[in-house]
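Colleague: TSV, C-alpha atoms, file structure-v4.tsv:
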chain	number	residue	atom	x	y	z
S	195	MET	CA	-0.56	-18.11	12.71
S	196	THR	CA	-0.09	-21.00	10.32
S	197	SER	CA	1.57	-21.26	6.95
S	198	SER	CA	-0.93	-21.71	4.11
S	199	SER	CA	-0.79	-22.75	0.48
S	200	MET	CA	-1.36	-20.12	-2.23
S	201	ASN	CA	-2.69	-22.60	-4.80
S	202	GLY	CA	-6.09	-21.57	-6.11
S	203	ARG	CA	-6.58	-18.73	-3.65
S	204	VAL	CA	-8.57	-15.76	-4.99
S	205	ILE	CA	-6.62	-12.56	-4.43
S	206	ALA	CA	-7.43	-9.02	-5.58
S	207	VAL	CA	-4.70	-6.38	-5.89
S	208	THR	CA	-5.55	-2.70	-6.21
S	209	GLY	CA	-3.24	-0.40	-8.15
S	210	GLY	CA	-1.91	-3.53	-9.81
S	211	ALA	CA	-1.05	-2.37	-13.32
S	212	ARG	CA	2.43	-1.06	-12.55
S	213	GLY	CA	5.26	-0.98	-10.05
S	214	ILE	CA	4.70	-2.64	-6.68
S	215	GLY	CA	1.20	-3.84	-7.53
S	216	LYS	CA	2.33	-5.51	-10.73
S	217	GLU	CA	5.15	-7.30	-8.92
S	218	ILE	CA	2.79	-8.40	-6.14
S	219	ALA	CA	0.44	-9.84	-8.77
S	220	ARG	CA	3.33	-11.57	-10.53
S	221	GLN	CA	4.68	-13.24	-7.39
S	222	LEU	CA	1.21	-14.30	-6.25
S	223	ALA	CA	0.45	-15.78	-9.68
S	224	VAL	CA	3.76	-17.65	-9.70
S	225	ALA	CA	2.84	-19.06	-6.28
S	226	GLY	CA	-0.40	-20.44	-7.75
S	227	ALA	CA	-2.99	-17.85	-6.75
S	228	ARG	CA	-5.75	-16.58	-9.01
S	229	VAL	CA	-5.11	-12.85	-9.14
S	230	ALA	CA	-7.42	-10.00	-10.09
S	231	ILE	CA	-5.63	-6.75	-10.89
S	232	GLY	CA	-7.65	-3.58	-10.37
S	233	ASP	CA	-6.37	-0.23	-11.60
S	234	VAL	CA	-7.84	3.14	-12.53
S	235	ASP	CA	-6.10	2.61	-15.88
S	236	GLY	CA	-8.18	-0.34	-16.99
S	237	ALA	CA	-6.29	-0.78	-20.24
S	238	ALA	CA	-2.98	-1.01	-18.36
S	239	ALA	CA	-4.51	-3.52	-15.95
S	240	ARG	CA	-5.59	-5.72	-18.85
S	241	ARG	CA	-2.17	-5.46	-20.51
S	242	THR	CA	-0.45	-6.46	-17.28
S	243	ALA	CA	-2.86	-9.36	-16.81
S	244	ASP	CA	-2.19	-10.54	-20.37
S	245	GLU	CA	1.56	-10.31	-19.81
S	246	LEU	CA	1.42	-12.29	-16.57
S	247	GLY	CA	-0.99	-14.76	-18.13
S	248	ARG	CA	1.42	-15.47	-20.97
S	249	ALA	CA	4.02	-16.27	-18.33
S	250	GLY	CA	1.70	-18.96	-16.98
S	251	GLY	CA	-0.28	-17.12	-14.29
S	252	THR	CA	-4.03	-16.99	-13.78
S	253	VAL	CA	-4.59	-13.23	-13.84
S	254	GLU	CA	-7.51	-10.97	-14.73
S	255	GLY	CA	-7.24	-7.21	-15.32
S	256	LEU	CA	-10.15	-4.92	-14.41
S	257	GLU	CA	-10.80	-1.22	-14.15
S	258	LEU	CA	-10.98	0.09	-10.58
S	259	ASP	CA	-11.04	3.53	-9.01
S	260	VAL	CA	-10.56	2.97	-5.27
S	261	ALA	CA	-11.87	6.50	-4.66
S	262	ASP	CA	-15.32	5.53	-5.98
S	263	THR	CA	-17.59	3.20	-4.03
S	264	ALA	CA	-19.55	2.01	-7.06
S	265	SER	CA	-16.33	1.18	-8.90
S	266	PHE	CA	-14.86	-0.73	-5.94
S	267	THR	CA	-18.14	-2.61	-5.39
S	268	ALA	CA	-18.30	-3.60	-9.06
S	269	PHE	CA	-14.67	-4.72	-9.01
S	270	LEU	CA	-15.15	-7.04	-6.03
S	271	ALA	CA	-18.40	-8.39	-7.49
S	272	ALA	CA	-16.68	-9.13	-10.82
S	273	VAL	CA	-13.90	-11.03	-9.05
S	274	GLU	CA	-16.39	-13.10	-7.09
S	275	ASP	CA	-18.52	-13.78	-10.15
S	276	HIS	CA	-15.44	-14.98	-12.01
S	277	TRP	CA	-13.69	-17.09	-9.35
S	278	GLY	CA	-15.85	-17.25	-6.24
S	279	PRO	CA	-15.35	-15.75	-2.77
S	280	LEU	CA	-12.38	-13.46	-2.23
S	281	ASP	CA	-9.68	-14.91	-0.01
S	282	VAL	CA	-7.36	-11.88	0.15
S	283	LEU	CA	-7.66	-8.20	-0.70
S	284	VAL	CA	-4.36	-6.39	-1.17
S	285	ASN	CA	-4.88	-2.63	-0.78
S	286	ASN	CA	-1.93	-1.33	-2.78
S	287	ALA	CA	-3.19	1.71	-4.70
S	288	GLY	CA	-1.63	4.98	-3.55
S	289	VAL	CA	-0.47	8.38	-4.76
S	290	MET	CA	2.02	10.92	-3.40
S	291	TRP	CA	2.74	14.62	-3.86
S	292	VAL	CA	6.09	15.88	-2.57
S	293	GLY	CA	6.98	19.45	-1.60
S	294	SER	CA	6.51	22.14	1.01
S	295	PHE	CA	3.20	21.89	2.86
S	296	ASP	CA	2.17	25.43	1.93
S	297	GLU	CA	2.77	24.82	-1.78
S	298	GLU	CA	0.71	21.62	-2.04
S	299	PRO	CA	-2.26	22.11	-4.39
S	300	GLU	CA	-5.63	21.40	-2.81
S	301	SER	CA	-6.30	18.90	-5.59
S	302	ALA	CA	-3.22	16.93	-4.46
S	303	THR	CA	-4.36	16.97	-0.83
S	304	ASP	CA	-7.83	15.78	-1.80
S	305	ARG	CA	-6.52	13.04	-4.09
S	306	GLN	CA	-4.10	11.62	-1.50
S	307	LEU	CA	-6.84	11.49	1.14
S	308	ALA	CA	-9.29	9.93	-1.33
S	309	VAL	CA	-6.96	7.21	-2.61
S	310	ASN	CA	-4.52	6.50	0.21
S	311	LEU	CA	-6.85	6.72	3.19
S	312	HIS	CA	-10.46	6.54	2.08
S	313	GLY	CA	-9.57	3.98	-0.58
S	314	VAL	CA	-8.27	1.64	2.11
S	315	ILE	CA	-11.25	2.30	4.38
S	316	ARG	CA	-13.59	1.65	1.45
S	317	GLY	CA	-11.85	-1.60	0.54
S	318	VAL	CA	-12.00	-2.90	4.11
S	319	ARG	CA	-15.63	-1.89	4.52
S	320	LEU	CA	-16.63	-3.63	1.28
S	321	ALA	CA	-14.55	-6.81	1.62
S	322	ALA	CA	-14.29	-7.59	5.34
S	323	PRO	CA	-17.99	-8.23	6.20
S	324	ALA	CA	-18.27	-11.12	3.72
S	325	MET	CA	-14.98	-12.53	4.98
S	326	ARG	CA	-16.23	-12.31	8.57
S	327	GLU	CA	-19.45	-14.08	7.60
S	328	ARG	CA	-17.42	-16.92	6.05
S	329	GLY	CA	-15.09	-17.01	9.05
S	330	ARG	CA	-11.93	-16.56	6.98
S	331	GLY	CA	-10.06	-14.06	4.84
S	332	GLN	CA	-7.27	-11.52	4.92
S	333	ILE	CA	-6.77	-7.88	4.05
S	334	VAL	CA	-3.19	-6.81	3.37
S	335	THR	CA	-2.50	-3.09	3.02
S	336	VAL	CA	0.69	-1.73	1.51
S	337	ALA	CA	1.18	1.40	3.60
S	338	SER	CA	4.60	3.00	4.15
S	339	ALA	CA	7.30	3.69	6.71
S	340	ALA	CA	5.55	7.08	6.63
S	341	SER	CA	2.92	5.37	8.81
S	342	LYS	CA	5.50	5.65	11.60
S	343	VAL	CA	7.51	8.76	10.65
S	344	ALA	CA	6.70	11.94	8.72
S	345	PRO	CA	9.39	13.13	6.30
S	346	PRO	CA	9.41	16.87	5.59
S	347	GLY	CA	7.88	17.33	2.16
S	348	GLU	CA	5.51	14.37	2.57
S	349	SER	CA	3.24	15.77	5.28
S	350	THR	CA	-0.13	14.93	3.71
S	351	TYR	CA	1.13	11.58	2.41
S	352	ALA	CA	2.38	10.73	5.91
S	353	ALA	CA	-0.94	11.84	7.39
S	354	THR	CA	-2.79	9.39	5.13
S	355	LYS	CA	-0.44	6.55	6.04
S	356	HIS	CA	-0.64	7.33	9.77
S	357	GLY	CA	-4.41	7.28	9.30
S	358	VAL	CA	-4.29	3.91	7.56
S	359	LEU	CA	-2.32	2.36	10.41
S	360	GLY	CA	-4.67	3.84	13.01
S	361	TYR	CA	-7.76	2.68	11.14
S	362	LEU	CA	-6.49	-0.85	10.64
S	363	THR	CA	-5.40	-1.10	14.27
S	364	GLY	CA	-8.99	-0.45	15.32
S	365	VAL	CA	-10.53	-2.71	12.66
S	366	ARG	CA	-8.17	-5.52	13.60
S	367	GLU	CA	-9.44	-5.43	17.16
S	368	GLU	CA	-13.05	-5.38	15.97
S	369	LEU	CA	-12.36	-8.47	13.86
S	370	ARG	CA	-10.50	-10.34	16.60
S	371	GLY	CA	-11.66	-13.95	16.72
S	372	SER	CA	-13.57	-13.69	13.44
S	373	GLY	CA	-11.03	-15.55	11.30
S	374	VAL	CA	-10.26	-12.40	9.29
S	375	GLN	CA	-6.60	-11.34	9.36
S	376	ILE	CA	-5.41	-7.74	8.98
S	377	SER	CA	-1.84	-7.02	7.85
S	378	VAL	CA	0.04	-3.78	7.16
S	379	ILE	CA	3.24	-3.68	5.09
S	380	MET	CA	5.36	-0.58	5.75
S	381	PRO	CA	8.30	-0.23	3.33
S	382	GLY	CA	10.79	2.59	3.09
S	383	VAL	CA	11.47	4.27	-0.25
S	384	VAL	CA	10.77	1.92	-3.16
S	385	ASP	CA	12.19	2.30	-6.66
S	386	THR	CA	8.92	3.17	-8.42
S	387	GLU	CA	7.45	6.14	-10.26
S	388	LEU	CA	5.70	7.23	-7.05
S	389	ALA	CA	9.08	7.82	-5.38
S	390	ALA	CA	10.82	9.36	-8.41
S	391	GLY	CA	13.27	12.09	-7.44
S	392	THR	CA	13.03	11.49	-3.69
S	393	ALA	CA	15.83	10.62	-1.26
S	394	THR	CA	16.03	7.35	0.71
S	395	GLY	CA	17.57	8.64	3.94
S	396	ALA	CA	19.52	6.17	6.05
S	397	ALA	CA	17.79	3.10	4.61
S	398	ARG	CA	18.62	1.45	1.28
S	399	LEU	CA	16.44	1.90	-1.78
S	400	LEU	CA	13.99	-1.00	-1.99
S	401	SER	CA	12.72	-2.76	-5.10
S	402	PRO	CA	9.10	-3.68	-5.86
S	403	ALA	CA	10.20	-7.30	-5.50
S	404	ASP	CA	11.19	-6.64	-1.87
S	405	VAL	CA	7.68	-5.45	-1.07
S	406	ALA	CA	5.97	-8.20	-3.07
S	407	LYS	CA	8.02	-10.82	-1.27
S	408	ALA	CA	6.81	-9.42	2.06
S	409	VAL	CA	3.20	-9.50	0.87
S	410	VAL	CA	3.44	-13.12	-0.21
S	411	ALA	CA	5.12	-14.03	3.10
S	412	VAL	CA	2.45	-12.32	5.22
S	413	ILE	CA	-0.32	-14.08	3.30
S	414	ARG	CA	1.38	-17.41	3.91
S	415	ARG	CA	1.94	-16.61	7.58
S	416	PRO	CA	-0.24	-13.71	8.75
S	417	ARG	CA	1.00	-11.03	11.14
S	418	PHE	CA	-0.16	-7.47	11.70
S	419	GLU	CA	2.83	-5.14	11.19
S	420	VAL	CA	5.68	-5.72	8.75
S	421	THR	CA	8.36	-3.08	8.19
S	422	ILE	CA	10.88	-3.21	5.35
S	423	PRO	CA	13.77	-3.22	6.10
S	424	TRP	CA	12.80	-5.23	9.19
S	425	TYR	CA	14.83	-3.07	11.59
S	426	VAL	CA	12.80	0.08	10.91
S	427	GLY	CA	9.99	-1.00	13.25
S	428	PRO	CA	12.16	-1.76	16.30
S	429	LEU	CA	14.26	1.36	15.66
S	430	VAL	CA	11.22	3.63	15.54
S	431	ARG	CA	9.86	2.09	18.74
S	432	LEU	CA	13.23	2.63	20.44
S	433	VAL	CA	13.45	6.25	19.33
S	434	THR	CA	10.02	7.06	20.79
S	435	VAL	CA	11.34	6.52	24.33
S	436	PHE	CA	14.02	9.20	23.85
S	437	PRO	CA	13.54	12.74	25.16
S	438	GLN	CA	12.25	15.06	22.42
S	439	PHE	CA	15.61	16.67	21.62
S	440	ALA	CA	17.29	13.27	21.25
S	441	ARG	CA	14.36	11.98	19.21
S	442	ASP	CA	14.58	14.95	16.86
S	443	PHE	CA	18.35	14.54	16.48
S	444	THR	CA	18.04	10.83	15.63
S	445	VAL	CA	15.07	11.10	13.28
S	446	ARG	CA	16.65	13.95	11.33
S	447	ARG	CA	19.57	11.66	10.55
S	448	MET	CA	17.35	8.72	9.62
S	449	VAL	CA	14.58	10.43	7.65
S	450	PRO	CA	15.30	12.51	4.54
S	451	ASP	CA	14.13	16.11	4.19
S	452	GLN	CA	12.24	15.76	0.93
S	453	VAL	CA	11.64	19.51	0.65
S	454	ARG	CA	15.36	20.08	0.27
S	455	SER	CA	16.48	16.87	-1.40
S	456	THR	CA	13.75	15.99	-3.93
S	457	ASP	CA	14.29	16.59	-7.62
S	458	LYS	CA	10.87	18.04	-8.45
S	459	SER	CA	11.54	17.95	-12.19
S	460	ALA	CA	11.74	14.16	-11.98
S	461	ARG	CA	8.23	14.08	-10.52
S	462	THR	CA	6.39	16.44	-12.85
S	463	ALA	CA	4.88	13.85	-15.20
S	464	TYR	CA	3.88	11.47	-12.40
S	465	GLU	CA	2.27	14.12	-10.20
S	466	SER	CA	0.44	15.71	-13.10
S	467	ARG	CA	-1.03	12.37	-14.16
S	468	THR	CA	-1.94	10.90	-10.77
S	469	VAL	CA	-2.30	13.65	-8.19
S	470	THR	CA	-2.83	17.16	-9.56
S	471	GLY	CA	-4.08	16.53	-13.09
S	472	GLU	CA	-5.88	13.48	-14.41
S	473	ASP	CA	-7.38	11.12	-11.86
S	474	GLY	CA	-5.10	8.18	-11.21
S	475	ALA	CA	-4.16	5.66	-8.57
S	476	GLY	CA	-0.91	3.91	-9.23
S	477	PRO	CA	1.10	1.68	-6.93
S	478	GLY	CA	1.85	2.90	-3.44
Could the structure of this file be written out as structure tokens, please?

Modeller:
Amino acid sequence: MTSSSMNGRVIAVTGGARGIGKEIARQLAVAGARVAIGDVDGAAARRTADELGRAGGTVEGLELDVADTASFTAFLAAVEDHWGPLDVLVNNAGVMWVGSFDEEPESATDRQLAVNLHGVIRGVRLAAPAMRERGRGQIVTVASAASKVAPPGESTYAATKHGVLGYLTGVREELRGSGVQISVIMPGVVDTELAAGTATGAARLLSPADVAKAVVAVIRRPRFEVTIPWYVGPLVRLVTVFPQFARDFTVRRMVPDQVRSTDKSARTAYESRTVTGEDGAGPG
């Protein structure tokens, strides 16, 4: 694992119009990368690209629905046509519905699986083969601490993030020795629209800048798993060796019960737009 310069690198960020994705794009552009923002809201992607461009970055905004293969293929082709081969794909797009498992609309279940899990699988499948052929490249996926734990009220969301970690663990082994790096960023609760109304549990509320900083760092010096805060990973590994009753006791004090603690009224507009109503894939 060696530190690398960001200057001139071609990096694509999904779900990049707002929140975490926008901040990732900003920090990468500041570091000298050429950044393509993809978002299901193409107009918002272009506005964000214009904003970051005025600040001195090299940024392009494009429409992208990660749940559609043709859209994802066209997005990656447009990036390559514009700047050449893709160095890094940042899978950031994600959506979340919060509430009791038996009250979750089927449309919300389907959308979370389509964006959070299949969107990542699709991105890897479309981007990694060309990287492997060139002998270099990196795919960074913004997952969640829910890849390791499953908060009540986020059961389907946690299932998608567990699935992402499992999928990338297997793909990483398949790509071993190819020159293609796989990285997974797993933050706790981040102050974005996706997490509106939810509780943070024992960990502090993170900012999009915290996650973006981790993404930039892992591109500079690749590693597979990154948890934010850093101690979450070691703590979860430690807890897994406990007997079940002790594990339950500890996790219930670390992980919030989102069924009981979430302010659903604060989530109505977001969930209607991105998960249960109009199609959407904002930052994860």

Colleague: Which one is closest to S:Arg326: S:Asp296, S:Asp281, S:Asp304, S:Asp451? Count all atoms listed in the file.

Modeller: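 Of all the options, S:Asp281 lies closest to S:Arg326.
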
Colleague: Tell me, in Å to one decimal, how far atom CA of S:Ser341 is from atom CA of S:Ala261.

Modeller: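 Rounded to one decimal, the two atoms are 20.0 Å apart.
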
Colleague: Would you please work out which residue, of S:Ala352, S:Val224, S:Ala339, S:Val410, is nearest to S:Gly247 when using only C-alpha atoms?

Modeller: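 Among the listed residues, S:Val224 lies closest to S:Gly247.
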
Colleague: Have a look at S:Thr354, S:Ser294, S:Gln375, S:Thr252 and name the one nearest to S:Leu311; count all atoms listed in the file.

Modeller: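 Looking at the shortest contact to S:Leu311, the residue is S:Thr354.
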
Colleague: Record the distance separating atom CA of S:Ala249 and atom CA of S:Glu274, expressed in Å with one decimal.

Modeller: 23.5 Å

Colleague: Using only C-alpha atoms, find the one residue out of S:Val273, S:Ala268, S:Ala302, S:Val292 that sits nearest to S:Thr468.

Modeller: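 Closest residue, counting only C-alpha atoms: S:Ala302.
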
Colleague: Considering only C-alpha atoms, return as a PyMOL selection string whatever protein or nucleic-acid residues lie within 7 Å of S:Val336, sequence-local ones (same chain, fewer than 3 positions apart) excluded.

Modeller: chain S and resi 285-286+378-380+478

Colleague: Would you mind listing, for every residue of stretch 393-437 of chain S within 12 Å of stretch 355-368 of chain S, the two atoms forming the shortest contact and the distance between them in Å to one decimal, using all atoms listed in the file, sorted by chain and ascending residue number, as CSV?

Modeller:
residue,atom,partner,partner_atom,distance
S:Arg417,CA,S:Arg366,CA,11.0
S:Phe418,CA,S:Arg366,CA,8.5
S:Glu419,CA,S:Leu359,CA,9.1
S:Val420,CA,S:Leu359,CA,11.5

Colleague: Would you compute the distance between atom CA of S:Val334 and atom CA of S:Ala411? Give it in Å to one decimal.

Modeller: 11.0 Å

Colleague: Which residues are close to S:Gly215, i.e. within 10 Å by all atoms listed in the file, leaving aside same-chain residues fewer than 6 positions away? Reply as a list in words.

Modeller: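 Answer for this query is Val207, Thr208, Gly209, Ile231, Gly232, Asp233, Val284, Asn285, Asn286, Ala287, Val336, Pro402, Ala403, Val405, Ala406, Gly476, Pro477 and Gly478 of chain S.
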